[in-house]
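I have placed the structure first, in the form of structure tokens, so that the comments after it can refer back to it.
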Amino acid sequence: MIRAGLKFLSKCGPQARLSILIWHRVLPALDPMFPGELHAARFDTTLAWIRHWFNVLPLSEAVQRMLDGRLPERAAAISFDDGYADNLTVAAPLLAKHGLPATVFIAAGYLDGGRMWNDGLIEAVRRSPLAAIDVGEYGRYTLEDWPARTRAALALIDKIKYLEPIQRERAVFDIACVAKVELPNDLMLSSAQVRELHRSQGVTLGAHTITHPILARISDSSAHAEIAGGRQALQSLIDAPVDLFAYPNGKPGQDYTRKHVDLVRELGFTAAVSTAWGASRSGDDYFQLRRFTPWDNDRLRFGLRMMRNLTASAQQSLV
């Protein structure tokens with residue numbers, strides 16, 4: 001039923017639609033603090049569904065075939081954002097098992113021991129040996145069990161996410177100190193792992209800036225430096241062109257604007273991806289390709305949501 005529905009909604013040729021799935025991490029096992037997060041067993045199952053339902057292409061090939069009006073029916077591509085180490089250690093072997101290609105968009109500034117601010121905050125709460133923490137202006141939280149730690153992490157993220165980047169990093173450092181935690185330095189890829197990932201069968205690397213800023217909130221010159229610099233860092237590492245780009249956070253009009261779309265085009269990228277829901281087709285803006293991934297664990301619900309996504313393009317506007 002799902003396969004037939006997808007074929008009806010995503011025919012081949014000029015009117016074909018491209019579904020691009022987006023993930024970030026694939027954990028080795030279920031996370032007791034965030035049990036809804038993607039882990040290896042669930043990803044393995046999901047990839048089996050996707051392989052059965054879709055014709056999965058490398059994103060760069062899919063873009064070219066969309067330009068030429070040659071997309072197959074039920075066309076799809078797979079993508080990951082940020083550059084987590086588990087994209088290599090967990091996701092890549094499972095992708096290879098199912099024979100599926102993927103593009104990994106990497107924020108180059110976090111390689112070799114860096115970490116995203118929200119991950120630092122989560123790990124501070126997760127790893128704390130304390131039963132409660134008092135972090136002053138950010139509140140007092142009990143850490144008596146996993147649900148309590150989950151609530152604490154989410155509350156803290158909400159309180160500091162809109163701080164300026166330097167203030168935000170300082171807040172994470174202070175919270176980790178109060179929690180008596182030494183933050184991990186192996187969450188993101190190392191330079192050696194980036195090169196290994198580049199050599200992996202079916203994996204393409206894309207740029208995702210240097211430090212993952214909200215482009216709409218920084219100066220034009222900073223945005224240029226972030227976009228061009230992130231790409232150059234990756235190209236230097238792998239000694240190969242990097243032609244695809246992902247906007248950090250990726251919400252049109254909120255996280256990036258038309259001037260950033262124009263900048264990405266002017267810098268010579270061949271395509272860019274957003275996080276606007278829906279599927280893309282020939283004639284759409286190739287520098288604002290839509291991406292979506294159902295959150296359902298149930299096979300039927302996952303498939304039905306993918307079908308609905310094929311008709312969702314008008315529900316979220318681009319810039």
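Letters A, B, ... go to the chains of the structure tokens in the order shown; residues in each chain start at 1; ligands are counted from 1 in the same order.
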- prompt: Do you know which residues are at most 8 Å from Leu187 in chain A counting only C-alpha atoms, after dropping those on the same chain fewer than 6 positions away, and could you put them as a list in words?
  reply: Tyr84, Ala85, Asp86, Gly113, Gly114 and Arg115 of chain A
task: Please provide as number ranges by chain all residues within 8 Å of range 73-81 of chain A, with the sequence filter that same-chain residues fewer than 6 positions apart are discarded (counting only C-alpha atoms).
output: A: 6-7, 10-13, 16-25, 53-59, 62, 87, 101-106, 208, 246
Can you tell me which residues surround range 163-166 of chain A at a distance of at most 9 Å, considering only C-alpha atoms, apart from same-chain residues fewer than 5 positions away, and format the answer as an mmCIF file with C-alpha atoms, in the first residue's frame?
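Full text of selection.cif as output:
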```cif
data_model
loop_
_atom_site.group_PDB
_atom_site.id
_atom_site.type_symbol
_atom_site.label_atom_id
_atom_site.label_comp_id
_atom_site.auth_asym_id
_atom_site.auth_seq_id
_atom_site.Cartn_x
_atom_site.Cartn_y
_atom_site.Cartn_z
ATOM 1 C CA TRP A 117 26.542 23.782 22.862
ATOM 2 C CA ALA A 171 26.815 29.189 30.481
ATOM 3 C CA PRO A 213 25.465 30.040 13.562
#
```
message: Show me, as a PyMOL selection string, the residues that have an atom within 6 Å of range 233-243 of chain A when counting only C-alpha atoms, minus same-chain residues fewer than 6 positions from it.
response: chain A and resi 195+206+269-270
Closest atom pairs, range 128-217 of chain A residues within 12 Å of range 257-268 of chain A, only C-alpha atoms, as JSON lines:
```
{"residue": "A:Ala207", "atom": "CA", "partner": "A:Val264", "partner_atom": "CA", "distance": 10.6}
{"residue": "A:His208", "atom": "CA", "partner": "A:Val264", "partner_atom": "CA", "distance": 11.2}
{"residue": "A:Thr209", "atom": "CA", "partner": "A:Val264", "partner_atom": "CA", "distance": 10.9}
{"residue": "A:Ile214", "atom": "CA", "partner": "A:Thr257", "partner_atom": "CA", "distance": 10.4}
{"residue": "A:Leu215", "atom": "CA", "partner": "A:His260", "partner_atom": "CA", "distance": 7.5}
{"residue": "A:Ala216", "atom": "CA", "partner": "A:Thr257", "partner_atom": "CA", "distance": 6.3}
{"residue": "A:Arg217", "atom": "CA", "partner": "A:Thr257", "partner_atom": "CA", "distance": 10.1}
```
Atoms kept (C-alpha atoms) for selection, written as a PDB file, in the first residue's frame:
```pdb
ATOM      1  CA  ALA A 207      29.347  22.000   4.070  1.00  0.00           C
ATOM      2  CA  HIS A 208      27.408  23.270   7.103  1.00  0.00           C
ATOM      3  CA  THR A 209      29.400  26.423   8.033  1.00  0.00           C
ATOM      4  CA  ILE A 214      21.959  31.243  12.812  1.00  0.00           C
ATOM      5  CA  LEU A 215      22.898  33.066   9.616  1.00  0.00           C
ATOM      6  CA  ALA A 216      20.019  35.534   9.922  1.00  0.00           C
ATOM      7  CA  ARG A 217      21.489  36.782  13.221  1.00  0.00           C
TER       8      ARG A 217
END
```
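Within range 163-222 of chain A, DSSP applied to the backbone places the following residues in strand (DSSP E or B): Met188, Val203, Thr204, Leu205, Gly206 and Ala207 of chain A.
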Expected file contents, prior selection, all heavy atoms, as a PDB file, in the first residue's frame:
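The file below, again_18.pdb, is the result:
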```
ATOM      1  N   MET A 188      31.894  14.647  18.193  1.00  0.00           N
ATOM      2  CA  MET A 188      31.943  15.024  16.790  1.00  0.00           C
ATOM      3  C   MET A 188      33.096  14.295  16.097  1.00  0.00           C
ATOM      4  O   MET A 188      33.981  13.729  16.728  1.00  0.00           O
ATOM      5  CB  MET A 188      32.123  16.538  16.651  1.00  0.00           C
ATOM      6  CG  MET A 188      31.201  17.379  17.526  1.00  0.00           C
ATOM      7  SD  MET A 188      29.434  17.016  17.328  1.00  0.00           S
ATOM      8  CE  MET A 188      29.098  17.741  15.729  1.00  0.00           C
ATOM      9  N   VAL A 203      29.053   7.595   0.537  1.00  0.00           N
ATOM     10  CA  VAL A 203      28.926   8.770   1.392  1.00  0.00           C
ATOM     11  C   VAL A 203      29.530   9.998   0.703  1.00  0.00           C
ATOM     12  O   VAL A 203      30.659   9.948   0.204  1.00  0.00           O
ATOM     13  CB  VAL A 203      29.611   8.554   2.754  1.00  0.00           C
ATOM     14  CG1 VAL A 203      29.556   9.844   3.586  1.00  0.00           C
ATOM     15  CG2 VAL A 203      28.939   7.415   3.508  1.00  0.00           C
ATOM     16  N   THR A 204      28.764  11.077   0.679  1.00  0.00           N
ATOM     17  CA  THR A 204      29.217  12.364   0.158  1.00  0.00           C
ATOM     18  C   THR A 204      29.227  13.367   1.311  1.00  0.00           C
ATOM     19  O   THR A 204      28.341  13.336   2.170  1.00  0.00           O
ATOM     20  CB  THR A 204      28.261  12.869  -0.940  1.00  0.00           C
ATOM     21  OG1 THR A 204      28.211  11.916  -1.990  1.00  0.00           O
ATOM     22  CG2 THR A 204      28.725  14.211  -1.492  1.00  0.00           C
ATOM     23  N   LEU A 205      30.217  14.251   1.333  1.00  0.00           N
ATOM     24  CA  LEU A 205      30.301  15.270   2.376  1.00  0.00           C
ATOM     25  C   LEU A 205      29.797  16.608   1.848  1.00  0.00           C
ATOM     26  O   LEU A 205      30.048  16.981   0.705  1.00  0.00           O
ATOM     27  CB  LEU A 205      31.739  15.416   2.875  1.00  0.00           C
ATOM     28  CG  LEU A 205      32.397  14.157   3.427  1.00  0.00           C
ATOM     29  CD1 LEU A 205      33.744  14.501   4.041  1.00  0.00           C
ATOM     30  CD2 LEU A 205      31.514  13.455   4.442  1.00  0.00           C
ATOM     31  N   GLY A 206      29.078  17.330   2.714  1.00  0.00           N
ATOM     32  CA  GLY A 206      28.595  18.664   2.386  1.00  0.00           C
ATOM     33  C   GLY A 206      28.996  19.647   3.465  1.00  0.00           C
ATOM     34  O   GLY A 206      29.322  19.266   4.592  1.00  0.00           O
ATOM     35  N   ALA A 207      28.952  20.946   3.138  1.00  0.00           N
ATOM     36  CA  ALA A 207      29.347  22.000   4.070  1.00  0.00           C
ATOM     37  C   ALA A 207      28.157  22.451   4.912  1.00  0.00           C
ATOM     38  O   ALA A 207      27.012  22.436   4.451  1.00  0.00           O
ATOM     39  CB  ALA A 207      29.933  23.184   3.312  1.00  0.00           C
TER      40      ALA A 207
END
```
task: Give the answer as one residue: which of A:Leu289, A:Pro14, A:Glu226, A:Pro147 has the shortest atom-to-atom distance to Arg65 in chain A, using only C-alpha atoms?
output: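 Ranked by minimum distance to Arg65 in chain A, first place goes to A:Pro14.
We find CA of Gly303 in chain A and CA of Ser274 in chain A to be spaced 21.7 Å apart.
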- request: For Thr46 in chain A, please output as a ChimeraX atom specification all residues within 12 Å (counting only C-alpha atoms; exclusion window: fewer than 4 positions along the same chain).
  value: /A:21,23,26,38-42,50-54,78,91,94-95,98,100,293-303
Could you dump the residues just selected with C-alpha atoms as an mmCIF file, in the first residue's frame?
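Here's the written file selection.cif:
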```
data_model
loop_
_atom_site.group_PDB
_atom_site.id
_atom_site.type_symbol
_atom_site.label_atom_id
_atom_site.label_comp_id
_atom_site.auth_asym_id
_atom_site.auth_seq_id
_atom_site.Cartn_x
_atom_site.Cartn_y
_atom_site.Cartn_z
ATOM 1 C CA LEU A 21 15.333 12.633 4.720
ATOM 2 C CA TRP A 23 18.874 12.956 10.624
ATOM 3 C CA VAL A 26 22.428 7.569 15.312
ATOM 4 C CA LEU A 38 17.330 7.482 16.885
ATOM 5 C CA HIS A 39 19.522 4.473 17.696
ATOM 6 C CA ALA A 40 21.125 1.700 15.684
ATOM 7 C CA ALA A 41 18.366 -0.916 15.888
ATOM 8 C CA ARG A 42 15.653 1.567 14.982
ATOM 9 C CA ILE A 50 13.161 3.189 2.961
ATOM 10 C CA ARG A 51 15.008 0.743 0.720
ATOM 11 C CA HIS A 52 11.739 -1.089 -0.012
ATOM 12 C CA TRP A 53 9.637 2.015 -0.624
ATOM 13 C CA PHE A 54 12.028 4.437 -2.367
ATOM 14 C CA ILE A 78 19.371 10.640 2.780
ATOM 15 C CA ALA A 91 25.241 5.073 10.623
ATOM 16 C CA LEU A 94 24.137 0.361 8.443
ATOM 17 C CA LEU A 95 23.870 2.415 5.261
ATOM 18 C CA HIS A 98 21.369 -1.701 3.027
ATOM 19 C CA LEU A 100 22.034 3.189 0.541
ATOM 20 C CA THR A 293 11.836 12.764 8.416
ATOM 21 C CA PRO A 294 8.833 11.150 10.159
ATOM 22 C CA TRP A 295 9.286 10.576 13.863
ATOM 23 C CA ASP A 296 7.128 7.465 13.985
ATOM 24 C CA ASN A 297 8.407 4.070 15.133
ATOM 25 C CA ASP A 298 5.475 2.287 13.520
ATOM 26 C CA ARG A 299 6.012 1.186 9.903
ATOM 27 C CA LEU A 300 2.566 2.179 8.642
ATOM 28 C CA ARG A 301 2.580 5.574 10.347
ATOM 29 C CA PHE A 302 6.092 6.315 9.071
ATOM 30 C CA GLY A 303 5.064 5.437 5.529
#
```
message: Would you pick out the contacts of Asp119 in chain A at 10 Å or less, using only C-alpha atoms, so that residues sharing its chain but fewer than 3 positions from it are not included, and give the list as a PyMOL selection string?
response: chain A and resi 115-116+122-125+153+157+172+183-184+187
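Comparing A:Leu130, A:Leu318, A:Ile227, A:Val135 by their smallest distance to Val181 in chain A, the closest is A:Leu130 (using only C-alpha atoms).
Here the question is which of A:Ser60, A:Ser219, A:Thr275, A:Gln201 gets nearest to Pro252 in chain A using only C-alpha atoms, and that residue is A:Thr275.
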message: Residues near Arg168 in chain A, anyone? I mean within 12 Å using only C-alpha atoms, not counting same-chain ones fewer than 6 positions away, as an NGL selection string.
response: :A and (116-118 or 120-121 or 138 or 156-162 or 174-175)
